[in-house]
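Novice: Input structure: protein.txt, which contains compact mmCIF, C-alpha atoms.
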```
# COMPACT_ATOMS: atom_id res chain seq x y z
CA MET T 1 -8.07 74.83 209.64
CA ARG T 2 -9.19 73.60 213.02
CA GLU T 3 -12.64 72.33 212.03
CA LEU T 4 -11.23 70.19 209.22
CA GLU T 5 -8.54 68.74 211.50
CA GLU T 6 -11.15 67.83 214.09
CA LYS T 7 -13.31 66.20 211.44
CA ILE T 8 -10.33 64.17 210.17
CA LEU T 9 -9.60 62.95 213.70
CA LYS T 10 -13.26 62.11 214.33
CA ASP T 11 -14.34 60.61 210.99
CA GLY T 12 -11.17 59.81 209.04
CA GLU T 13 -10.03 56.19 208.80
CA ILE T 14 -6.47 55.06 208.30
CA LEU T 15 -6.26 52.13 205.89
CA PRO T 16 -3.25 49.95 205.05
CA GLY T 17 -0.86 51.47 202.49
CA ASP T 18 -0.71 54.96 204.01
CA ILE T 19 -4.28 55.71 202.91
CA LEU T 20 -6.38 58.21 204.81
CA LYS T 21 -10.01 57.53 203.97
CA VAL T 22 -12.18 60.63 204.32
CA GLY T 23 -15.18 59.30 202.43
CA ARG T 24 -17.57 60.10 205.29
CA PHE T 25 -17.29 63.85 204.85
CA LEU T 26 -14.93 64.83 202.03
CA ASN T 27 -14.83 62.71 198.92
CA GLN T 28 -17.62 60.13 198.69
CA GLN T 29 -20.13 61.64 201.05
CA VAL T 30 -19.55 65.38 201.22
CA ASP T 31 -20.38 67.54 204.25
CA THR T 32 -21.54 70.69 202.43
CA ASP T 33 -21.36 72.86 205.54
CA LEU T 34 -17.66 72.06 205.98
CA LEU T 35 -17.17 72.36 202.21
CA GLU T 36 -18.47 75.93 202.17
CA LYS T 37 -16.31 76.91 205.13
CA MET T 38 -13.23 75.44 203.43
CA GLY T 39 -14.11 77.39 200.29
CA SER T 40 -14.40 80.64 202.29
CA GLU T 41 -11.01 80.00 203.88
CA VAL T 42 -9.39 79.62 200.45
CA ILE T 43 -11.04 82.81 199.21
CA ARG T 44 -9.78 84.71 202.26
CA PHE T 45 -6.22 83.46 201.63
CA PHE T 46 -6.25 84.50 197.98
CA HIS T 47 -8.30 87.69 198.43
CA ASN T 48 -5.63 89.89 196.80
CA ASP T 49 -5.67 87.80 193.64
CA LYS T 50 -8.25 88.29 190.97
CA ILE T 51 -9.18 84.68 190.20
CA THR T 52 -11.11 84.16 186.96
CA LYS T 53 -11.16 80.33 186.80
CA VAL T 54 -10.81 77.45 189.26
CA LEU T 55 -9.19 74.30 187.87
CA THR T 56 -9.27 70.78 189.33
CA ILE T 57 -9.16 67.15 188.29
CA GLU T 58 -12.03 64.67 188.26
CA ALA T 59 -13.58 63.25 190.37
CA SER T 60 -12.84 64.02 194.01
CA GLY T 61 -11.49 67.53 193.43
CA ILE T 62 -14.81 68.66 191.95
CA PRO T 63 -16.77 69.47 195.15
CA PHE T 64 -13.98 71.75 196.46
CA ALA T 65 -13.63 73.50 193.09
CA CYS T 66 -17.41 73.84 192.82
CA SER T 67 -17.83 75.46 196.21
CA ILE T 68 -14.94 77.91 195.74
CA ALA T 69 -16.06 78.86 192.23
CA GLU T 70 -19.69 79.34 193.31
CA GLN T 71 -18.57 81.66 196.09
CA LEU T 72 -16.24 83.57 193.72
CA LYS T 73 -18.93 83.61 191.00
CA VAL T 74 -16.47 82.34 188.40
CA PRO T 75 -16.51 79.15 186.30
CA PHE T 76 -14.56 76.06 187.25
CA ILE T 77 -13.01 73.44 185.02
CA PHE T 78 -12.28 69.83 185.77
CA ALA T 79 -9.54 68.06 183.84
CA LYS T 80 -10.65 64.68 182.51
CA LYS T 81 -8.57 61.60 183.28
CA SER T 82 -9.06 59.84 179.98
CA THR T 83 -9.70 60.95 176.46
CA SER T 84 -13.43 60.52 176.15
CA VAL T 85 -15.76 60.87 173.19
CA ASN T 86 -16.82 64.12 174.81
CA LEU T 87 -13.36 65.65 174.41
CA SER T 88 -12.84 67.22 171.03
CA GLY T 89 -10.90 70.05 169.48
CA LYS T 90 -7.50 71.22 170.72
CA LEU T 91 -6.56 69.88 174.15
CA TYR T 92 -3.91 70.64 176.75
CA THR T 93 -2.64 67.31 178.04
CA SER T 94 -0.25 66.22 180.75
CA LYS T 95 0.68 62.98 182.53
CA ALA T 96 0.70 62.02 186.19
CA TYR T 97 1.46 58.88 188.14
CA SER T 98 -1.18 57.91 190.72
CA TYR T 99 0.10 56.09 193.80
CA THR T 100 -3.51 55.40 194.83
CA HIS T 101 -4.27 53.58 191.58
CA LYS T 102 -0.68 52.54 190.86
CA LYS T 103 -0.66 53.68 187.26
CA GLU T 104 0.19 56.62 185.06
CA PHE T 105 -2.73 58.51 183.60
CA SER T 106 -3.23 61.39 181.19
CA ILE T 107 -5.26 64.43 182.06
CA SER T 108 -6.76 66.78 179.51
CA VAL T 109 -8.49 70.13 179.35
CA THR T 110 -10.13 71.51 176.23
CA ALA T 111 -7.87 74.39 175.20
CA GLU T 112 -10.62 76.98 174.70
CA TYR T 113 -11.55 76.86 178.42
CA LEU T 114 -8.18 78.32 179.54
CA LYS T 115 -7.21 81.62 177.98
CA GLU T 116 -4.06 83.74 178.25
CA ASP T 117 -5.91 86.43 180.18
CA ASP T 118 -7.27 83.98 182.77
CA SER T 119 -5.98 83.94 186.36
CA VAL T 120 -6.26 80.36 187.55
CA LEU T 121 -6.48 78.83 191.00
CA ILE T 122 -5.72 75.09 191.03
CA VAL T 123 -7.42 73.01 193.75
CA ASP T 124 -7.61 69.36 194.76
CA ASP T 125 -8.65 67.26 197.73
CA PHE T 126 -5.25 65.69 198.55
CA LEU T 127 -1.62 66.63 198.09
CA ALA T 128 0.89 63.83 198.69
CA ALA T 129 3.57 63.20 196.04
CA GLY T 130 2.22 66.18 194.12
CA ASN T 131 1.94 64.54 190.70
CA ALA T 132 -1.67 65.49 190.00
CA LEU T 133 -1.15 69.14 190.97
CA ILE T 134 2.07 69.34 188.95
CA ALA T 135 0.24 67.99 185.89
CA LEU T 136 -2.43 70.67 186.38
CA ILE T 137 0.30 73.32 186.74
CA ASP T 138 1.81 72.07 183.48
CA ILE T 139 -1.58 72.49 181.78
CA VAL T 140 -1.92 76.08 183.04
CA LYS T 141 1.59 76.81 181.72
CA GLN T 142 0.69 75.37 178.31
CA SER T 143 -2.32 77.70 178.20
CA LYS T 144 -0.14 80.74 179.11
CA ALA T 145 -2.78 81.75 181.67
CA ASN T 146 -1.62 83.31 184.93
CA LEU T 147 -1.30 80.81 187.80
CA VAL T 148 -2.54 82.38 191.03
CA GLY T 149 -1.61 79.40 193.21
CA CYS T 150 -2.82 76.08 194.53
CA ALA T 151 -5.13 75.07 197.39
CA VAL T 152 -5.70 71.59 198.79
CA GLU T 153 -7.91 70.29 201.52
CA ILE T 154 -5.34 67.89 203.00
CA GLU T 155 -1.57 67.85 202.53
CA LYS T 156 0.49 64.90 203.70
CA SER T 157 3.45 67.11 204.52
CA TYR T 158 5.68 64.11 205.25
CA GLN T 159 5.60 63.46 201.50
CA GLU T 160 7.42 65.64 199.01
CA GLY T 161 4.51 67.20 197.05
CA GLY T 162 4.20 70.40 199.09
CA LYS T 163 7.94 71.07 198.90
CA ARG T 164 8.01 70.42 195.14
CA ILE T 165 5.30 73.00 194.55
CA ARG T 166 6.65 75.63 196.96
CA ASP T 167 10.12 75.18 195.40
CA MET T 168 8.57 76.14 192.05
CA GLY T 169 7.74 79.51 193.68
CA ILE T 170 4.03 78.75 193.63
CA LYS T 171 1.74 79.95 196.43
CA LEU T 172 0.19 76.92 198.14
CA LEU T 173 -2.53 76.76 200.78
CA SER T 174 -3.15 73.46 202.60
CA LEU T 175 -6.16 73.55 204.94
CA ALA T 176 -4.86 70.61 206.99
CA LYS T 177 -1.24 69.50 207.01
CA ILE T 178 -0.58 66.00 208.24
CA LYS T 179 2.91 65.73 209.72
CA SER T 180 2.70 62.04 210.52
CA MET T 181 0.22 59.22 210.29
CA SER T 182 0.45 55.79 211.84
CA ASP T 183 -2.04 52.98 212.39
CA ASN T 184 -3.91 54.79 215.09
CA ALA T 185 -2.66 58.36 215.28
CA ILE T 186 -2.58 61.45 213.09
CA GLU T 187 -0.45 64.44 213.93
CA PHE T 188 -0.94 67.81 212.27
CA GLU T 189 1.59 70.60 211.65
CA GLU T 190 1.15 73.56 213.97
CA MET Q 1 -35.91 75.88 182.15
CA ARG Q 2 -35.57 78.63 179.58
CA GLU Q 3 -32.08 79.81 180.53
CA LEU Q 4 -30.62 76.31 180.24
CA GLU Q 5 -32.30 75.76 176.87
CA GLU Q 6 -30.87 79.03 175.56
CA LYS Q 7 -27.42 78.08 176.80
CA ILE Q 8 -27.66 74.70 175.08
CA LEU Q 9 -28.63 76.37 171.81
CA LYS Q 10 -25.85 78.94 172.14
CA ASP Q 11 -22.95 76.86 173.51
CA GLY Q 12 -23.86 73.20 173.01
CA GLU Q 13 -22.20 71.26 170.20
CA ILE Q 14 -23.69 68.27 168.42
CA LEU Q 15 -21.06 65.60 167.76
CA PRO Q 16 -21.36 62.43 165.66
CA GLY Q 17 -23.04 59.51 167.47
CA ASP Q 18 -25.96 61.48 168.93
CA ILE Q 19 -23.66 63.24 171.41
CA LEU Q 20 -24.53 66.65 172.76
CA LYS Q 21 -21.36 68.22 174.10
CA VAL Q 22 -22.04 70.76 176.83
CA GLY Q 23 -18.47 70.99 178.13
CA ARG Q 24 -18.41 74.78 177.77
CA PHE Q 25 -20.87 75.36 180.60
CA LEU Q 26 -22.09 72.12 182.18
CA ASN Q 27 -19.66 69.26 182.54
CA GLN Q 28 -16.04 70.17 181.87
CA GLN Q 29 -16.17 73.89 182.37
CA VAL Q 30 -19.05 74.69 184.70
CA ASP Q 31 -20.97 77.98 184.67
CA THR Q 32 -21.59 78.36 188.41
CA ASP Q 33 -24.23 81.06 187.98
CA LEU Q 34 -26.34 78.74 185.82
CA LEU Q 35 -25.53 75.85 188.17
CA GLU Q 36 -26.96 77.68 191.19
CA LYS Q 37 -30.11 78.65 189.29
CA MET Q 38 -30.62 75.03 188.20
CA GLY Q 39 -30.19 73.95 191.81
CA SER Q 40 -32.81 76.46 192.98
CA GLU Q 41 -35.23 75.20 190.34
CA VAL Q 42 -34.83 71.62 191.60
CA ILE Q 43 -35.38 72.73 195.20
CA ARG Q 44 -38.57 74.60 194.23
CA PHE Q 45 -39.90 71.50 192.46
CA PHE Q 46 -39.27 69.23 195.45
CA HIS Q 47 -40.12 71.80 198.14
CA ASN Q 48 -42.76 69.54 199.73
CA ASP Q 49 -40.24 66.73 200.21
CA LYS Q 50 -37.87 66.66 203.13
CA ILE Q 51 -34.62 65.70 201.38
CA THR Q 52 -31.81 64.52 203.69
CA LYS Q 53 -29.26 63.36 201.10
CA VAL Q 54 -28.50 64.03 197.45
CA LEU Q 55 -27.04 61.10 195.49
CA THR Q 56 -25.24 61.20 192.14
CA ILE Q 57 -22.58 59.34 190.18
CA GLU Q 58 -19.03 60.48 189.47
CA ALA Q 59 -17.84 62.56 187.71
CA SER Q 60 -20.13 64.85 185.77
CA GLY Q 61 -23.09 64.57 188.15
CA ILE Q 62 -21.06 66.03 191.01
CA PRO Q 63 -21.41 69.79 190.33
CA PHE Q 64 -25.23 69.55 190.13
CA ALA Q 65 -25.40 67.44 193.32
CA CYS Q 66 -22.99 69.79 195.07
CA SER Q 67 -24.95 72.92 194.28
CA ILE Q 68 -28.33 71.42 195.26
CA ALA Q 69 -26.95 69.94 198.49
CA GLU Q 70 -25.20 73.20 199.46
CA GLN Q 71 -28.45 75.09 198.99
CA LEU Q 72 -30.42 72.46 200.96
CA LYS Q 73 -27.68 72.29 203.61
CA VAL Q 74 -27.57 68.49 203.45
CA PRO Q 75 -24.72 66.13 202.49
CA PHE Q 76 -24.36 64.65 199.03
CA ILE Q 77 -22.90 61.33 197.99
CA PHE Q 78 -21.34 60.35 194.71
CA ALA Q 79 -21.34 56.71 193.67
CA LYS Q 80 -17.92 55.51 192.50
CA LYS Q 81 -17.60 53.85 189.11
CA SER Q 82 -14.97 51.31 190.08
CA THR Q 83 -14.01 49.58 193.26
CA SER Q 84 -11.08 51.63 194.44
CA VAL Q 85 -8.69 51.16 197.33
CA ASN Q 86 -10.65 53.91 199.03
CA LEU Q 87 -13.83 51.84 199.11
CA SER Q 88 -14.00 49.55 202.08
CA GLY Q 89 -16.59 48.01 204.35
CA LYS Q 90 -20.07 47.03 203.21
CA LEU Q 91 -21.05 48.45 199.82
CA TYR Q 92 -24.26 48.79 197.84
CA THR Q 93 -23.40 47.93 194.23
CA SER Q 94 -25.28 47.99 190.96
CA LYS Q 95 -24.45 47.71 187.26
CA ALA Q 96 -25.13 50.00 184.34
CA TYR Q 97 -24.29 50.00 180.65
CA SER Q 98 -22.83 53.26 179.34
CA TYR Q 99 -23.59 54.09 175.72
CA THR Q 100 -21.10 56.96 175.89
CA HIS Q 101 -18.24 54.64 176.86
CA LYS Q 102 -19.71 51.51 175.25
CA LYS Q 103 -19.20 49.26 178.25
CA GLU Q 104 -20.88 48.01 181.39
CA PHE Q 105 -19.63 49.40 184.67
CA SER Q 106 -20.30 48.84 188.34
CA ILE Q 107 -21.21 51.64 190.67
CA SER Q 108 -20.82 51.48 194.43
CA VAL Q 109 -21.77 53.45 197.51
CA THR Q 110 -20.46 52.70 200.99
CA ALA Q 111 -23.48 51.33 202.86
CA GLU Q 112 -23.15 53.50 205.96
CA TYR Q 113 -23.76 56.69 203.93
CA LEU Q 114 -27.36 55.72 203.07
CA LYS Q 115 -29.62 54.92 206.00
CA GLU Q 116 -33.20 53.67 206.21
CA ASP Q 117 -34.40 57.00 207.58
CA ASP Q 118 -32.82 59.03 204.76
CA SER Q 119 -34.92 60.70 202.07
CA VAL Q 120 -32.83 60.71 198.93
CA LEU Q 121 -32.93 62.85 195.80
CA ILE Q 122 -31.01 61.32 192.87
CA VAL Q 123 -29.49 63.73 190.34
CA ASP Q 124 -27.36 63.53 187.22
CA ASP Q 125 -26.35 65.71 184.29
CA PHE Q 126 -27.90 63.63 181.46
CA LEU Q 127 -30.80 61.22 181.11
CA ALA Q 128 -30.88 59.21 177.88
CA ALA Q 129 -31.34 55.43 178.10
CA GLY Q 130 -31.68 55.81 181.87
CA ASN Q 131 -29.20 53.12 182.88
CA ALA Q 132 -27.13 55.22 185.28
CA LEU Q 133 -30.21 56.61 187.07
CA ILE Q 134 -31.78 53.16 187.31
CA ALA Q 135 -28.58 51.79 188.88
CA LEU Q 136 -28.70 54.64 191.42
CA ILE Q 137 -32.39 53.89 192.10
CA ASP Q 138 -31.42 50.25 192.68
CA ILE Q 139 -28.81 51.36 195.23
CA VAL Q 140 -31.35 53.49 197.10
CA LYS Q 141 -33.73 50.49 197.17
CA GLN Q 142 -30.97 48.27 198.57
CA SER Q 143 -30.43 50.79 201.36
CA LYS Q 144 -34.19 50.88 202.18
CA ALA Q 145 -33.99 54.70 202.27
CA ASN Q 146 -36.93 56.70 200.95
CA LEU Q 147 -36.55 57.79 197.32
CA VAL Q 148 -37.90 61.31 196.89
CA GLY Q 149 -37.36 61.42 193.13
CA CYS Q 150 -34.85 62.19 190.39
CA ALA Q 151 -33.67 65.40 188.75
CA VAL Q 152 -31.53 65.77 185.65
CA GLU Q 153 -30.17 68.76 183.83
CA ILE Q 154 -30.86 67.46 180.33
CA GLU Q 155 -33.20 64.67 179.24
CA LYS Q 156 -33.09 63.32 175.71
CA SER Q 157 -36.80 62.61 175.71
CA TYR Q 158 -36.64 60.82 172.34
CA GLN Q 159 -34.82 58.03 174.21
CA GLU Q 160 -36.56 55.72 176.65
CA GLY Q 161 -34.93 56.67 179.98
CA GLY Q 162 -37.52 59.21 181.09
CA LYS Q 163 -40.41 56.85 180.34
CA ARG Q 164 -38.68 53.98 182.16
CA ILE Q 165 -38.33 56.06 185.32
CA ARG Q 166 -41.80 57.64 185.21
CA ASP Q 167 -43.29 54.15 184.60
CA MET Q 168 -41.71 53.05 187.90
CA GLY Q 169 -43.88 55.71 189.59
CA ILE Q 170 -40.87 57.88 190.39
CA LYS Q 171 -41.11 61.67 190.34
CA LEU Q 172 -38.72 63.03 187.70
CA LEU Q 173 -37.72 66.60 186.94
CA SER Q 174 -35.81 67.33 183.72
CA LEU Q 175 -34.66 70.95 183.42
CA ALA Q 176 -34.37 70.72 179.64
CA LYS Q 177 -36.10 68.07 177.54
CA ILE Q 178 -34.71 67.54 174.09
CA LYS Q 179 -37.41 66.22 171.76
CA SER Q 180 -35.17 65.87 168.73
CA MET Q 181 -31.59 66.54 167.78
CA SER Q 182 -30.07 66.52 164.30
CA ASP Q 183 -26.78 67.74 162.85
CA ASN Q 184 -27.66 71.37 163.17
CA ALA Q 185 -30.90 71.68 165.12
CA ILE Q 186 -32.15 70.96 168.62
CA GLU Q 187 -35.83 71.00 169.45
CA PHE Q 188 -37.09 71.11 173.05
CA GLU Q 189 -40.37 69.81 174.47
CA GLU Q 190 -42.85 72.58 175.28
```
Now that the file is in, can you turn its structure into structure tokens?

Specialist:
Amino acid sequence: MRELEEKILKDGEILPGDILKVGRFLNQQVDTDLLEKMGSEVIRFFHNDKITKVLTIEASGIPFACSIAEQLKVPFIFAKKSTSVNLSGKLYTSKAYSYTHKKEFSISVTAEYLKEDDSVLIVDDFLAAGNALIALIDIVKQSKANLVGCAVEIEKSYQEGGKRIRDMGIKLLSLAKIKSMSDNAIEFEE
Amino acid sequence: MRELEEKILKDGEILPGDILKVGRFLNQQVDTDLLEKMGSEVIRFFHNDKITKVLTIEASGIPFACSIAEQLKVPFIFAKKSTSVNLSGKLYTSKAYSYTHKKEFSISVTAEYLKEDDSVLIVDDFLAAGNALIALIDIVKQSKANLVGCAVEIEKSYQEGGKRIRDMGIKLLSLAKIKSMSDNAIEFEE
């Protein structure tokens, strides 16, 4: 998506440790105009699928899920990263390792929010190693709901996450695919 | 707001420890139809104020901030609860004690996202003791931006948070005000 790529080049910052900081417009301060356009793009891509729920993971996946779900007029769910006092009843739980935070964490969704007759779109801000998305996919499988596919704002396609998900036969839309990233240059896939 | 109150009575669950769980429609699974209507209500209330930014705190304040900011066509910002590798540069930081998680936590916003000429609306899902909102108010003060006011989805008005904020001379909108809550009954303010 051209507008997202241009925004990344203009306002993204490359930090040590292969980190692309997009806090100016995507995941600390959120440009709602861009957010809505990204949501519309996802809806266009999945227009043949009858999505009944959008699923993401707290916290930075929430704006994307929120915008897509508002446009689709369906509910969205965000998986929680820790078991909180506000989680009760039967849960679906999975584990993922975060390279950003350098630790394994559990994610949970209250079981009653995902039903067998749901068709679920999974979304997140970033796809790199793919661990968070794969944990969300595992949760959808546990629920026996139908998995429509996955959509991410930014894929680092030089990491293995995209391939892992496509190799599972899952439809995946990445709005910007970064082919390479160095100290002062970002190159996107065509 | 009548529709929110009815939803709380229908789908809210009272858990031990004075916890009102609203995960079915507000902060784990989000009813986007209700979310948009709540956003519109906030915009009507503050229609004389020229809001340039909406500020909240991760994670459960994000959907409300997102919907309001999308409708206003302005950016929103969510304060982070821990210093992460993705936070860099000058930060505004404040501290708050969470009764839900029984610990003090720091919240931070990258300084460049809040400017002196911004007019900021602070929003969150819950207002009880008021600590999270007051930490956000502190951050807005540090930035020297103009504080338009605060809006929350649910205020527990039998706790002191609402009074603390109104006593500071800050405009506060609570879409549902819970006057009392017991094991099996919730009463709202008129």

Novice: Residues of chain T within 8 Å of chain Q, counting only C-alpha atoms - could you list those as a ChimeraX atom specification?

Specialist: /T:19,21,23-24,28-33,36,58-59,62-63,66-67,69-70,73-80,84-86,100-101,109,113

Novice: Taking C-alpha atoms for each residue, export the selection above as a JSON list (two decimals), in the coordinates of the input.

Specialist:
```json
[["chain", "number", "residue", "atom", "x", "y", "z"],
["T", 19, "ILE", "CA", -4.28, 55.71, 202.91],
["T", 21, "LYS", "CA", -10.01, 57.53, 203.97],
["T", 23, "GLY", "CA", -15.18, 59.30, 202.43],
["T", 24, "ARG", "CA", -17.57, 60.10, 205.29],
["T", 28, "GLN", "CA", -17.62, 60.13, 198.69],
["T", 29, "GLN", "CA", -20.13, 61.64, 201.05],
["T", 30, "VAL", "CA", -19.55, 65.38, 201.22],
["T", 31, "ASP", "CA", -20.38, 67.54, 204.25],
["T", 32, "THR", "CA", -21.54, 70.69, 202.43],
["T", 33, "ASP", "CA", -21.36, 72.86, 205.54],
["T", 36, "GLU", "CA", -18.47, 75.93, 202.17],
["T", 58, "GLU", "CA", -12.03, 64.67, 188.26],
["T", 59, "ALA", "CA", -13.58, 63.25, 190.37],
["T", 62, "ILE", "CA", -14.81, 68.66, 191.95],
["T", 63, "PRO", "CA", -16.77, 69.47, 195.15],
["T", 66, "CYS", "CA", -17.41, 73.84, 192.82],
["T", 67, "SER", "CA", -17.83, 75.46, 196.21],
["T", 69, "ALA", "CA", -16.06, 78.86, 192.23],
["T", 70, "GLU", "CA", -19.69, 79.34, 193.31],
["T", 73, "LYS", "CA", -18.93, 83.61, 191.00],
["T", 74, "VAL", "CA", -16.47, 82.34, 188.40],
["T", 75, "PRO", "CA", -16.51, 79.15, 186.30],
["T", 76, "PHE", "CA", -14.56, 76.06, 187.25],
["T", 77, "ILE", "CA", -13.01, 73.44, 185.02],
["T", 78, "PHE", "CA", -12.28, 69.83, 185.77],
["T", 79, "ALA", "CA", -9.54, 68.06, 183.84],
["T", 80, "LYS", "CA", -10.65, 64.68, 182.51],
["T", 84, "SER", "CA", -13.43, 60.52, 176.15],
["T", 85, "VAL", "CA", -15.76, 60.87, 173.19],
["T", 86, "ASN", "CA", -16.82, 64.12, 174.81],
["T", 100, "THR", "CA", -3.51, 55.40, 194.83],
["T", 101, "HIS", "CA", -4.27, 53.58, 191.58],
["T", 109, "VAL", "CA", -8.49, 70.13, 179.35],
["T", 113, "TYR", "CA", -11.55, 76.86, 178.42]]
```

Novice: Let me make sure I understand: among Q:Gly149, Q:His47, Q:Glu13, Q:Ile154, which one has the smallest atom-to-atom distance to Ile170 (chain Q) if we use all atoms listed in the file?

Specialist: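 Smallest separation from Ile170 (chain Q) among the options: Q:Gly149.
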
Novice: Calculate how many Å separate CA of Lys7 (chain Q) from CA of Lys90 (chain T), rounding to one decimal.

Specialist: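 Taking CA of Lys7 (chain Q) as the start and CA of Lys90 (chain T) as the end point, the length is 21.9 Å.
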
Novice: Quick one: residues within 12 Å of Lys141 (chain T), only C-alpha atoms counted, chain neighbours fewer than 2 positions away excluded, as a list in words?

Specialist: Tyr92, Thr93, Ser94, Ala111, Leu114, Lys115, Glu116, Asp118, Ser119, Val120, Ile122, Ile134, Ala135, Leu136, Ile137, Asp138, Ile139, Ser143, Lys144, Ala145, Asn146, Leu147 and Val148 of chain T

Novice: Take the residues from that selection and put them in a file with C-alpha atoms, as a PDB file, keeping the file's coordinate frame.

Specialist:
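Below is the file that was written, result_2.pdb:
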```
ATOM      1  CA  TYR T  92      -3.910  70.640 176.750  1.00  0.00           C
ATOM      2  CA  THR T  93      -2.640  67.310 178.040  1.00  0.00           C
ATOM      3  CA  SER T  94      -0.250  66.220 180.750  1.00  0.00           C
ATOM      4  CA  ALA T 111      -7.870  74.390 175.200  1.00  0.00           C
ATOM      5  CA  LEU T 114      -8.180  78.320 179.540  1.00  0.00           C
ATOM      6  CA  LYS T 115      -7.210  81.620 177.980  1.00  0.00           C
ATOM      7  CA  GLU T 116      -4.060  83.740 178.250  1.00  0.00           C
ATOM      8  CA  ASP T 118      -7.270  83.980 182.770  1.00  0.00           C
ATOM      9  CA  SER T 119      -5.980  83.940 186.360  1.00  0.00           C
ATOM     10  CA  VAL T 120      -6.260  80.360 187.550  1.00  0.00           C
ATOM     11  CA  ILE T 122      -5.720  75.090 191.030  1.00  0.00           C
ATOM     12  CA  ILE T 134       2.070  69.340 188.950  1.00  0.00           C
ATOM     13  CA  ALA T 135       0.240  67.990 185.890  1.00  0.00           C
ATOM     14  CA  LEU T 136      -2.430  70.670 186.380  1.00  0.00           C
ATOM     15  CA  ILE T 137       0.300  73.320 186.740  1.00  0.00           C
ATOM     16  CA  ASP T 138       1.810  72.070 183.480  1.00  0.00           C
ATOM     17  CA  ILE T 139      -1.580  72.490 181.780  1.00  0.00           C
ATOM     18  CA  SER T 143      -2.320  77.700 178.200  1.00  0.00           C
ATOM     19  CA  LYS T 144      -0.140  80.740 179.110  1.00  0.00           C
ATOM     20  CA  ALA T 145      -2.780  81.750 181.670  1.00  0.00           C
ATOM     21  CA  ASN T 146      -1.620  83.310 184.930  1.00  0.00           C
ATOM     22  CA  LEU T 147      -1.300  80.810 187.800  1.00  0.00           C
ATOM     23  CA  VAL T 148      -2.540  82.380 191.030  1.00  0.00           C
TER      24      VAL T 148
END
```

Novice: Mind giving me the axis-aligned box for region 180-186 of chain Q with 5 Å on every side, centre plus edges in Å to one decimal, as lines of an AutoDock Vina configuration file?

Specialist:
```
center_x = -31.0
center_y = 68.8
center_z = 165.8
size_x = 18.4
size_y = 15.8
size_z = 15.9
```

Novice: I'd like to know which of T:Ile8, T:Leu172, T:Ile178, T:Ser82 is closest to Val42 (chain T), using all atoms listed in the file.

Specialist: T:Leu172

Novice: Kindly extract all protein, DNA and RNA residues lying within 10 Å of the coordinates (-4.5, 51.7, 213.7) given in the file, considering only C-alpha atoms, and supply them as a list of chain:residue names.

Specialist: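 Protein and nucleic acid residues near the point are T:Glu13, T:Ile14, T:Leu15, T:Pro16, T:Met181, T:Ser182, T:Asp183, T:Asn184, T:Ala185, T:Ile186.
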
Novice: In Å, with one decimal, what is the gap from CA of Phe45 (chain T) to CA of Gly130 (chain T)?

Specialist: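 Computing the Euclidean distance for CA of Phe45 (chain T) and CA of Gly130 (chain T) yields 20.6 Å.
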
Novice: Counting all atoms listed in the file, which of Q:Ser98, Q:Asn48, Q:Thr56, Q:Ser40 gets nearest to Leu121 (chain Q)?

Specialist: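 For Leu121 (chain Q), the nearest of the candidates is Q:Thr56.
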
Novice: Let me make sure I understand: among T:Phe105, T:Tyr97, T:Phe126, T:Tyr158, which one has the smallest atom-to-atom distance to Leu175 (chain T) if we use all atoms listed in the file?

Specialist: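 Of all the options, T:Phe126 lies closest to Leu175 (chain T).
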
Novice: In Å, with one decimal, what is the gap from CA of Leu9 (chain Q) to CA of Lys156 (chain Q)?

Specialist: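 One can read the CA of Leu9 (chain Q) to CA of Lys156 (chain Q) distance as 14.3 Å.
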
Novice: Got a sec: who's within 9 Å of Ala129 (chain T), counting all atoms listed in the file, leaving out chain neighbours fewer than 5 positions off, as an NGL selection string?

Specialist: :T and (98-99 or 156 or 159-162 or 164)

Novice: Grab region 168-188 of chain Q from that structure and dump C-alpha atoms to a file, as a PDB file, in the first residue's frame.

Specialist:
```
ATOM      1  CA  MET Q 168      -9.590  20.121  39.774  1.00  0.00           C
ATOM      2  CA  GLY Q 169     -12.004  22.155  37.620  1.00  0.00           C
ATOM      3  CA  ILE Q 170     -11.783  19.668  34.755  1.00  0.00           C
ATOM      4  CA  LYS Q 171     -14.795  18.927  32.561  1.00  0.00           C
ATOM      5  CA  LEU Q 172     -15.689  15.240  32.883  1.00  0.00           C
ATOM      6  CA  LEU Q 173     -18.198  13.177  30.945  1.00  0.00           C
ATOM      7  CA  SER Q 174     -19.112   9.699  32.227  1.00  0.00           C
ATOM      8  CA  LEU Q 175     -21.380   7.755  29.874  1.00  0.00           C
ATOM      9  CA  ALA Q 176     -22.615   5.490  32.664  1.00  0.00           C
ATOM     10  CA  LYS Q 177     -22.355   6.350  36.352  1.00  0.00           C
ATOM     11  CA  ILE Q 178     -22.664   3.467  38.742  1.00  0.00           C
ATOM     12  CA  LYS Q 179     -24.001   4.649  42.099  1.00  0.00           C
ATOM     13  CA  SER Q 180     -23.839   1.278  43.796  1.00  0.00           C
ATOM     14  CA  MET Q 181     -22.921  -2.270  42.943  1.00  0.00           C
ATOM     15  CA  SER Q 182     -23.565  -5.398  44.990  1.00  0.00           C
ATOM     16  CA  ASP Q 183     -23.413  -9.121  44.247  1.00  0.00           C
ATOM     17  CA  ASN Q 184     -26.469  -9.102  42.087  1.00  0.00           C
ATOM     18  CA  ALA Q 185     -27.552  -5.514  41.516  1.00  0.00           C
ATOM     19  CA  ILE Q 186     -26.204  -2.414  39.817  1.00  0.00           C
ATOM     20  CA  GLU Q 187     -27.769   0.981  40.357  1.00  0.00           C
ATOM     21  CA  PHE Q 188     -27.007   3.946  38.087  1.00  0.00           C
TER      22      PHE Q 188
END
```
